[in-house]
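Colleague: Sending over entry-v8.csv (CSV, N, CA and C atoms).
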chain,number,residue,atom,x,y,z
A,219,MET,N,22.0,16.0,-4.4
A,219,MET,CA,21.6,15.4,-5.6
A,219,MET,C,22.4,14.1,-5.9
A,220,ASN,N,21.7,13.1,-6.3
A,220,ASN,CA,22.4,11.8,-6.6
A,220,ASN,C,22.8,11.8,-8.1
A,221,ASP,N,24.0,11.3,-8.3
A,221,ASP,CA,24.5,11.2,-9.6
A,221,ASP,C,23.8,10.1,-10.3
A,222,LYS,N,23.5,10.2,-11.6
A,222,LYS,CA,23.0,9.1,-12.4
A,222,LYS,C,24.1,8.6,-13.3
A,223,LEU,N,24.4,7.3,-13.2
A,223,LEU,CA,25.5,6.8,-14.0
A,223,LEU,C,25.0,5.8,-15.0
A,224,MET,N,25.7,5.6,-16.1
A,224,MET,CA,25.4,4.6,-17.1
A,224,MET,C,26.6,3.8,-17.4
A,225,VAL,N,26.4,2.5,-17.4
A,225,VAL,CA,27.5,1.6,-17.8
A,225,VAL,C,27.4,1.4,-19.3
A,226,LEU,N,28.5,1.6,-20.0
A,226,LEU,CA,28.5,1.3,-21.5
A,226,LEU,C,29.2,-0.1,-21.6
A,227,PRO,N,28.4,-1.1,-21.7
A,227,PRO,CA,28.9,-2.5,-21.7
A,227,PRO,C,29.7,-2.9,-23.0
A,228,SER,N,30.5,-3.9,-22.9
A,228,SER,CA,31.3,-4.4,-24.0
A,228,SER,C,31.6,-5.9,-23.7
A,229,SER,N,31.7,-6.6,-24.8
A,229,SER,CA,32.1,-8.0,-24.6
A,229,SER,C,33.5,-8.2,-24.1
A,230,LYS,N,34.3,-7.1,-24.3
A,230,LYS,CA,35.7,-7.1,-23.8
A,230,LYS,C,35.8,-6.3,-22.5
A,231,PHE,N,36.2,-6.9,-21.4
A,231,PHE,CA,36.3,-6.2,-20.1
A,231,PHE,C,37.0,-4.9,-20.2
A,232,GLU,N,38.1,-4.8,-20.9
A,232,GLU,CA,38.9,-3.6,-20.9
A,232,GLU,C,38.2,-2.4,-21.7
A,233,ARG,N,37.1,-2.7,-22.3
A,233,ARG,CA,36.4,-1.7,-23.1
A,233,ARG,C,35.1,-1.2,-22.4
A,234,ILE,N,34.8,-1.8,-21.3
A,234,ILE,CA,33.6,-1.4,-20.5
A,234,ILE,C,33.9,0.0,-19.9
A,235,ARG,N,32.9,0.9,-20.1
A,235,ARG,CA,33.1,2.3,-19.6
A,235,ARG,C,31.9,2.7,-18.7
A,236,LEU,N,32.1,3.7,-17.9
A,236,LEU,CA,31.1,4.3,-17.0
A,236,LEU,C,31.1,5.8,-17.3
A,237,VAL,N,29.9,6.3,-17.4
A,237,VAL,CA,29.7,7.8,-17.6
A,237,VAL,C,28.6,8.3,-16.7
A,238,ARG,N,28.8,9.5,-16.3
A,238,ARG,CA,27.8,10.3,-15.5
A,238,ARG,C,26.8,10.9,-16.5
A,239,ILE,N,25.5,10.7,-16.2
A,239,ILE,CA,24.5,11.2,-17.1
A,239,ILE,C,24.2,12.7,-16.7
A,240,PRO,N,24.0,13.5,-17.7
A,240,PRO,CA,23.6,14.9,-17.4
A,240,PRO,C,22.4,15.0,-16.5
A,241,TYR,N,22.3,15.8,-15.6
A,241,TYR,CA,21.3,15.9,-14.6
A,241,TYR,C,19.9,16.1,-15.2
A,242,ASP,N,19.8,16.8,-16.3
A,242,ASP,CA,18.5,17.1,-16.9
A,242,ASP,C,17.9,16.0,-17.8
A,243,LEU,N,18.6,14.9,-17.9
A,243,LEU,CA,18.0,13.8,-18.7
A,243,LEU,C,17.5,12.6,-17.8
A,244,ASP,N,16.4,12.1,-18.1
A,244,ASP,CA,16.0,10.9,-17.4
A,244,ASP,C,16.7,9.7,-18.0
A,245,LYS,N,16.5,8.5,-17.5
A,245,LYS,CA,17.3,7.3,-17.9
A,245,LYS,C,17.0,6.9,-19.3
A,246,ASN,N,15.7,7.1,-19.8
A,246,ASN,CA,15.3,6.7,-21.1
A,246,ASN,C,15.9,7.7,-22.1
A,247,GLU,N,15.9,9.0,-21.8
A,247,GLU,CA,16.5,10.0,-22.7
A,247,GLU,C,18.0,9.8,-22.8
A,248,ALA,N,18.6,9.5,-21.6
A,248,ALA,CA,20.0,9.3,-21.6
A,248,ALA,C,20.4,8.1,-22.5
A,249,TYR,N,19.7,7.1,-22.4
A,249,TYR,CA,20.0,5.9,-23.2
A,249,TYR,C,19.9,6.2,-24.7
A,250,ARG,N,18.8,6.9,-25.1
A,250,ARG,CA,18.6,7.3,-26.5
A,250,ARG,C,19.7,8.2,-27.0
A,251,PHE,N,20.0,9.3,-26.2
A,251,PHE,CA,21.1,10.2,-26.5
A,251,PHE,C,22.4,9.5,-26.7
A,252,ALA,N,22.8,8.7,-25.7
A,252,ALA,CA,24.1,8.0,-25.8
A,252,ALA,C,24.2,7.1,-27.0
A,253,THR,N,23.1,6.4,-27.3
A,253,THR,CA,23.0,5.5,-28.4
A,253,THR,C,23.3,6.3,-29.7
A,254,GLY,N,22.6,7.4,-29.9
A,254,GLY,CA,22.8,8.2,-31.1
A,254,GLY,C,24.2,8.8,-31.2
A,255,ILE,N,24.7,9.3,-30.0
A,255,ILE,CA,26.0,10.0,-30.0
A,255,ILE,C,27.1,8.9,-30.4
A,256,ILE,N,27.0,7.7,-29.8
A,256,ILE,CA,28.0,6.7,-30.1
A,256,ILE,C,27.9,6.3,-31.6
A,257,ALA,N,26.7,6.1,-32.1
A,257,ALA,CA,26.5,5.7,-33.5
A,257,ALA,C,27.1,6.7,-34.4
A,258,GLN,N,26.8,8.0,-34.1
A,258,GLN,CA,27.3,9.1,-35.0
A,258,GLN,C,28.9,9.1,-34.9
A,259,ALA,N,29.4,9.0,-33.8
A,259,ALA,CA,30.9,9.0,-33.6
A,259,ALA,C,31.5,7.9,-34.4
A,260,GLU,N,30.9,6.7,-34.3
A,260,GLU,CA,31.4,5.5,-35.0
A,260,GLU,C,31.3,5.7,-36.6
A,261,GLU,N,30.2,6.3,-37.0
A,261,GLU,CA,30.0,6.5,-38.5
A,261,GLU,C,31.0,7.6,-39.0
A,262,CYS,N,31.2,8.6,-38.3
A,262,CYS,CA,32.0,9.7,-38.7
A,262,CYS,C,33.5,9.6,-38.6
A,263,THR,N,33.9,8.6,-37.8
A,263,THR,CA,35.4,8.5,-37.5
A,263,THR,C,35.8,7.1,-37.9
A,264,GLU,N,36.7,7.0,-38.9
A,264,GLU,CA,37.3,5.8,-39.3
A,264,GLU,C,38.2,5.3,-38.2
A,265,ASN,N,38.1,4.0,-37.9
A,265,ASN,CA,38.9,3.4,-36.8
A,265,ASN,C,38.5,4.1,-35.5
A,266,CYS,N,37.3,4.3,-35.2
A,266,CYS,CA,36.8,5.0,-34.0
A,266,CYS,C,37.4,4.4,-32.7
A,267,ARG,N,37.9,5.2,-31.8
A,267,ARG,CA,38.5,4.8,-30.6
A,267,ARG,C,37.6,5.4,-29.4
A,268,TRP,N,37.9,4.9,-28.2
A,268,TRP,CA,37.1,5.4,-27.0
A,268,TRP,C,37.3,6.9,-26.9
A,269,GLU,N,38.5,7.4,-27.2
A,269,GLU,CA,38.7,8.9,-27.1
A,269,GLU,C,37.8,9.7,-28.0
A,270,ASP,N,37.5,9.2,-29.2
A,270,ASP,CA,36.5,9.8,-30.1
A,270,ASP,C,35.1,9.8,-29.5
A,271,ILE,N,34.7,8.7,-29.0
A,271,ILE,CA,33.4,8.5,-28.4
A,271,ILE,C,33.3,9.4,-27.1
A,272,SER,N,34.3,9.3,-26.3
A,272,SER,CA,34.3,10.1,-25.1
A,272,SER,C,34.1,11.6,-25.3
A,273,GLU,N,34.9,12.1,-26.3
A,273,GLU,CA,34.8,13.5,-26.7
A,273,GLU,C,33.4,13.9,-27.1
A,274,ALA,N,32.8,13.0,-27.9
A,274,ALA,CA,31.4,13.3,-28.4
A,274,ALA,C,30.4,13.3,-27.3
A,275,LEU,N,30.6,12.3,-26.4
A,275,LEU,CA,29.7,12.3,-25.2
A,275,LEU,C,29.9,13.5,-24.3
A,276,GLU,N,31.1,13.9,-24.1
A,276,GLU,CA,31.4,15.0,-23.2
A,276,GLU,C,30.8,16.3,-23.8
A,277,SER,N,30.8,16.4,-25.1
A,277,SER,CA,30.3,17.7,-25.7
A,277,SER,C,28.8,17.8,-25.5
A,278,ARG,N,28.2,16.7,-25.1
A,278,ARG,CA,26.7,16.7,-24.9
A,278,ARG,C,26.4,16.5,-23.4
A,279,GLY,N,27.4,16.7,-22.5
A,279,GLY,CA,27.1,16.7,-21.1
A,279,GLY,C,27.4,15.4,-20.4
A,280,PHE,N,27.7,14.4,-21.0
A,280,PHE,CA,28.0,13.1,-20.4
A,280,PHE,C,29.5,13.2,-19.9
A,281,GLU,N,29.7,12.7,-18.7
A,281,GLU,CA,31.1,12.8,-18.2
A,281,GLU,C,31.7,11.4,-17.9
A,282,PRO,N,32.8,11.0,-18.5
A,282,PRO,CA,33.4,9.7,-18.2
A,282,PRO,C,33.8,9.7,-16.7
A,283,VAL,N,33.7,8.5,-16.1
A,283,VAL,CA,34.0,8.3,-14.7
A,283,VAL,C,35.0,7.2,-14.7
A,284,ASP,N,36.1,7.4,-14.0
A,284,ASP,CA,37.1,6.3,-13.8
A,284,ASP,C,36.5,5.2,-12.9
A,285,ALA,N,36.6,4.0,-13.3
A,285,ALA,CA,36.0,2.8,-12.6
A,285,ALA,C,36.9,1.6,-12.9
A,286,ILE,N,36.7,0.6,-12.0
A,286,ILE,CA,37.4,-0.7,-12.2
A,286,ILE,C,36.3,-1.7,-12.2
A,287,ILE,N,36.6,-2.9,-12.8
A,287,ILE,CA,35.7,-4.0,-12.7
A,287,ILE,C,36.0,-4.8,-11.4
A,288,GLY,N,35.0,-4.9,-10.6
A,288,GLY,CA,35.1,-5.6,-9.4
A,288,GLY,C,34.8,-7.1,-9.5
A,289,PRO,N,34.8,-7.8,-8.4
A,289,PRO,CA,34.6,-9.2,-8.4
A,289,PRO,C,33.1,-9.5,-8.8
A,290,ALA,N,32.9,-10.7,-9.3
A,290,ALA,CA,31.5,-11.1,-9.7
A,290,ALA,C,30.7,-11.3,-8.5
A,291,LEU,N,29.4,-11.1,-8.6
A,291,LEU,CA,28.4,-11.3,-7.5
A,291,LEU,C,27.7,-12.6,-7.6
A,292,ASP,N,28.1,-13.5,-8.5
A,292,ASP,CA,27.3,-14.7,-8.7
A,292,ASP,C,27.3,-15.6,-7.5
Here is the file; what I need is its structure written in the form of structure tokens.
Modeller:
Amino acid sequence: MNDKLMVLPSSKFERIRLVRIPYDLDKNEAYRFATGIIAQAEECTENCRWEDISEALESRGFEPVDAIIGPALD
């Protein structure tokens, strides 16, 4: 089985994250779920940090993946 991954982009390099999508979600569902989870975490937590968002995503089956930013392909 192939892992499905989602990049959580940011205008700041150090804030870009990568998560593994739960196997039972297709890419559109995963996008909608992640959008809602992140929005809810940001609304409910003053000074929301990555750890807060990560915990909320993990509780719904998304798994953070360690990654590094590689060289540009331009």
Colleague: State, in Å with one decimal place, the distance from atom CA of Arg233 of chain A to atom CA of Cys266 of chain A.
Modeller: 12.8 Å
Colleague: Would you list the contacts of segment 243-245 of chain A as a ChimeraX atom specification, taking every protein, DNA or RNA residue within 12 Å and counting only C-alpha atoms, but skipping same-chain residues closer than 6 positions in sequence?
Modeller: /A:221-225,251-252,278-280
Colleague: Suppose you want the space between atom N of Gln258 of chain A and atom C of Glu232 of chain A; what is it in Å?
Modeller: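 Between these atoms lies a distance of 19.8 Å.
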Colleague: Calculated over only C-alpha atoms, which of the candidates A:Arg267, A:Leu226, A:Glu281, A:Glu261 has the smallest distance to Arg238 of chain A?
Modeller: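 That would be A:Glu281, the residue with the smallest distance to Arg238 of chain A.
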Colleague: Mind giving me the straight-line distance from atom C of Tyr249 of chain A to atom C of Glu264 of chain A in Å, one decimal?
Modeller: 22.8 Å
Colleague: Using all atoms of segment 223-226 of chain A listed in the file and a margin of 8 Å per side, can you give the axis-aligned box centre and edge lengths in Å to one decimal, as JSON?
Modeller:
{"center_x": 26.8, "center_y": 3.6, "center_z": -17.4, "size_x": 20.8, "size_y": 23.4, "size_z": 24.4}
Colleague: Counting only C-alpha atoms, which residue out of A:Ser277, A:Ser228, A:Ser272, A:Asn265 sits closest to Pro240 of chain A?
Modeller: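 Among the listed residues, the smallest separation from Pro240 of chain A belongs to A:Ser277.
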Colleague: Hey, what's within 8 Å of Asp270 of chain A if we count all atoms listed in the file and toss same-chain stuff fewer than 6 positions away? As a count of residues only, please?
Modeller: 5
Colleague: Where does DSSP see strand (DSSP E or B) in chain A, if you list the residues as a PyMOL selection string?
Modeller: chain A and resi 223-226+235-238+281-283
